[in-house]
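Pasted below: coords18.txt, compact mmCIF, C-alpha atoms.
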```txt
# COMPACT_ATOMS: atom_id res chain seq x y z
CA LEU L 1 171.82 190.08 99.82
CA VAL L 2 173.85 191.41 96.89
CA ARG L 3 177.47 192.50 96.74
CA HIS L 4 178.40 195.59 94.75
CA GLY L 5 179.82 195.26 91.25
CA GLU L 6 183.54 194.95 90.58
CA THR L 7 185.95 197.82 91.23
CA GLU L 8 189.51 198.14 89.95
CA GLU L 9 190.71 197.34 93.46
CA ASN L 10 188.66 194.10 93.49
CA LYS L 11 190.07 193.16 90.11
CA ASN L 12 193.63 193.74 91.32
CA LYS L 13 192.97 191.81 94.56
CA VAL L 14 193.75 194.87 96.68
CA TYR L 15 192.13 195.16 100.11
CA TYR L 16 190.94 198.74 100.42
CA GLY L 17 188.40 198.81 103.24
CA LYS L 18 186.91 202.28 103.48
CA LEU L 19 188.30 203.65 100.22
CA ASP L 20 185.35 205.04 98.27
CA ALA L 21 186.06 203.30 94.95
CA GLY L 22 183.58 203.40 92.12
CA LEU L 23 182.67 200.58 89.76
CA ASN L 24 184.89 199.71 86.82
CA GLU L 25 183.40 198.85 83.41
CA ASN L 26 182.97 195.18 84.33
CA GLY L 27 181.24 196.20 87.57
CA LYS L 28 178.82 198.35 85.58
CA ILE L 29 178.04 195.44 83.26
CA GLN L 30 177.54 193.15 86.27
CA SER L 31 175.12 195.65 87.80
CA VAL L 32 173.03 195.89 84.64
CA LYS L 33 172.89 192.07 84.46
CA LEU L 34 171.84 191.99 88.10
CA GLY L 35 168.94 194.27 87.20
CA GLY L 36 167.77 191.67 84.70
CA LEU L 37 167.77 189.01 87.42
CA LEU L 38 165.87 191.22 89.85
CA LYS L 39 163.43 192.86 87.42
CA ASP L 40 160.36 190.98 88.64
CA ILE L 41 160.92 191.69 92.32
CA ASN L 42 159.16 194.65 93.95
CA PHE L 43 161.38 195.87 96.74
CA ASN L 44 159.87 197.69 99.71
CA SER L 45 163.26 198.93 100.88
CA ILE L 46 166.87 198.70 99.83
CA TYR L 47 169.74 199.04 102.28
CA ILE L 48 173.19 200.08 101.09
CA SER L 49 176.38 201.39 102.61
CA GLU L 50 177.50 204.97 102.08
CA ARG L 51 180.10 203.87 99.52
CA LYS L 52 179.84 205.11 95.95
CA ARG L 53 180.12 201.57 94.56
CA THR L 54 176.95 200.44 96.34
CA LYS L 55 174.91 203.37 95.09
CA GLU L 56 176.19 202.88 91.54
CA THR L 57 175.31 199.18 91.69
CA VAL L 58 171.72 199.72 92.83
CA GLU L 59 171.10 202.57 90.40
CA LEU L 60 172.41 200.59 87.42
CA ALA L 61 170.50 197.48 88.48
CA LEU L 62 167.17 199.01 89.48
CA GLY L 63 167.16 202.57 88.19
CA LYS L 64 167.22 205.84 90.09
CA ASP L 65 163.53 206.54 90.52
CA ASN L 66 161.03 205.38 93.11
CA LEU L 67 163.50 203.42 95.21
CA ASN L 68 163.22 203.44 98.98
CA ILE L 69 166.99 203.42 99.62
CA HIS L 70 168.34 203.49 103.14
CA ILE L 71 172.01 204.28 103.66
CA ASP L 72 173.38 202.33 106.60
```
Could you render the structure from this file as structure tokens?
Amino acid sequence: LVRHGETEENKNKVYYGKLDAGLNENGKIQSVKLGGLLKDINFNSIYISERKRTKETVELALGKDNLNIHID
């Protein structure tokens, strides 16, 4: 289980619920680092929410190709 990278709202300690915020620069760096930690794992499926920040996180961490992503 992985949480999405940081957004500006996270950084500012703002609760934003369903707001579709994207990652900030730190969140992008976190996602790339996450990819390094997960690089040796072959995922059968990946489940994410419909929020932009979750898609950005998985794409930066694991790439955009050949991923079996399920939006839930």
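Between CA of Glu8 (chain L) and CA of Asn26 (chain L) the separation is 9.1 Å.
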Worksheet item: Restricting the calculation to all atoms listed in the file, which member of L:Tyr15, L:Ser31, L:Val2, L:Asp72 is positioned closest to Tyr47 (chain L)?
Response: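 Closest to Tyr47 (chain L) of all the choices is L:Asp72.
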Practice prompt. Select, from L:Arg53, L:Asn44, L:Lys33, L:Leu19, the residue with the minimum atom-to-atom distance to Gly5 (chain L), counting all atoms listed in the file.
Written response: L:Arg53
How big is the axis-aligned box around all listed atoms of region 5-22 of chain L once 5 Å goes on each side, and where's its centre, in Å to one decimal, as JSON?
```
{"center_x": 186.8, "center_y": 198.4, "center_z": 96.7, "size_x": 23.9, "size_y": 23.2, "size_z": 23.5}
```
Worksheet item: Could you work out how far CA of Asn10 (chain L) lies from CA of Ile29 (chain L), giving the answer in Å with one decimal?
Response: 14.8 Å
Worksheet item: Pick the closest to Phe43 (chain L) from L:Gln30, L:His4, L:Leu67, L:Ala61: which is it, counting all atoms listed in the file?
Response: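 Using all atoms listed in the file, the shortest distance to Phe43 (chain L) belongs to L:Leu67.
Straight-line separation from CA of Ser45 (chain L) to CA of Asn66 (chain L): 10.3 Å.
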Discussion item. Report as a PyMOL selection string all protein, DNA and RNA residues lying within 8 Å of Leu62 (chain L), evaluated on all atoms listed in the file, omitting residues in the same chain fewer than 3 positions from it.
Written reply: chain L and resi 35+38-39+58-59
Selection file, C-alpha atoms, as a PDB file, keeping the file's coordinate frame:
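part_12.pdb written:
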```pdb
ATOM      1  CA  GLY L  35     168.940 194.270  87.200  1.00  0.00           C
ATOM      2  CA  LEU L  38     165.870 191.220  89.850  1.00  0.00           C
ATOM      3  CA  LYS L  39     163.430 192.860  87.420  1.00  0.00           C
ATOM      4  CA  VAL L  58     171.720 199.720  92.830  1.00  0.00           C
ATOM      5  CA  GLU L  59     171.100 202.570  90.400  1.00  0.00           C
TER       6      GLU L  59
END
```
Item to complete: Tell me which of L:Glu56, L:His70, L:Ile48, L:Leu37 sits closest to Asn24 (chain L), counting only C-alpha atoms.
Response: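 Once distances to Asn24 (chain L) are computed over only C-alpha atoms, the minimum belongs to L:Glu56.
Comparing the minimum interatomic distances between Asn68 (chain L) and each of L:Ile46, L:Leu34, L:Ile41, L:Leu1, counting all atoms listed in the file, we find that L:Ile46 sits nearest.
With all atoms listed in the file as the atoms that count, the residue of L:Lys11, L:Lys28, L:Lys64, L:Arg3 with the shortest distance to Ser49 (chain L) is L:Arg3.
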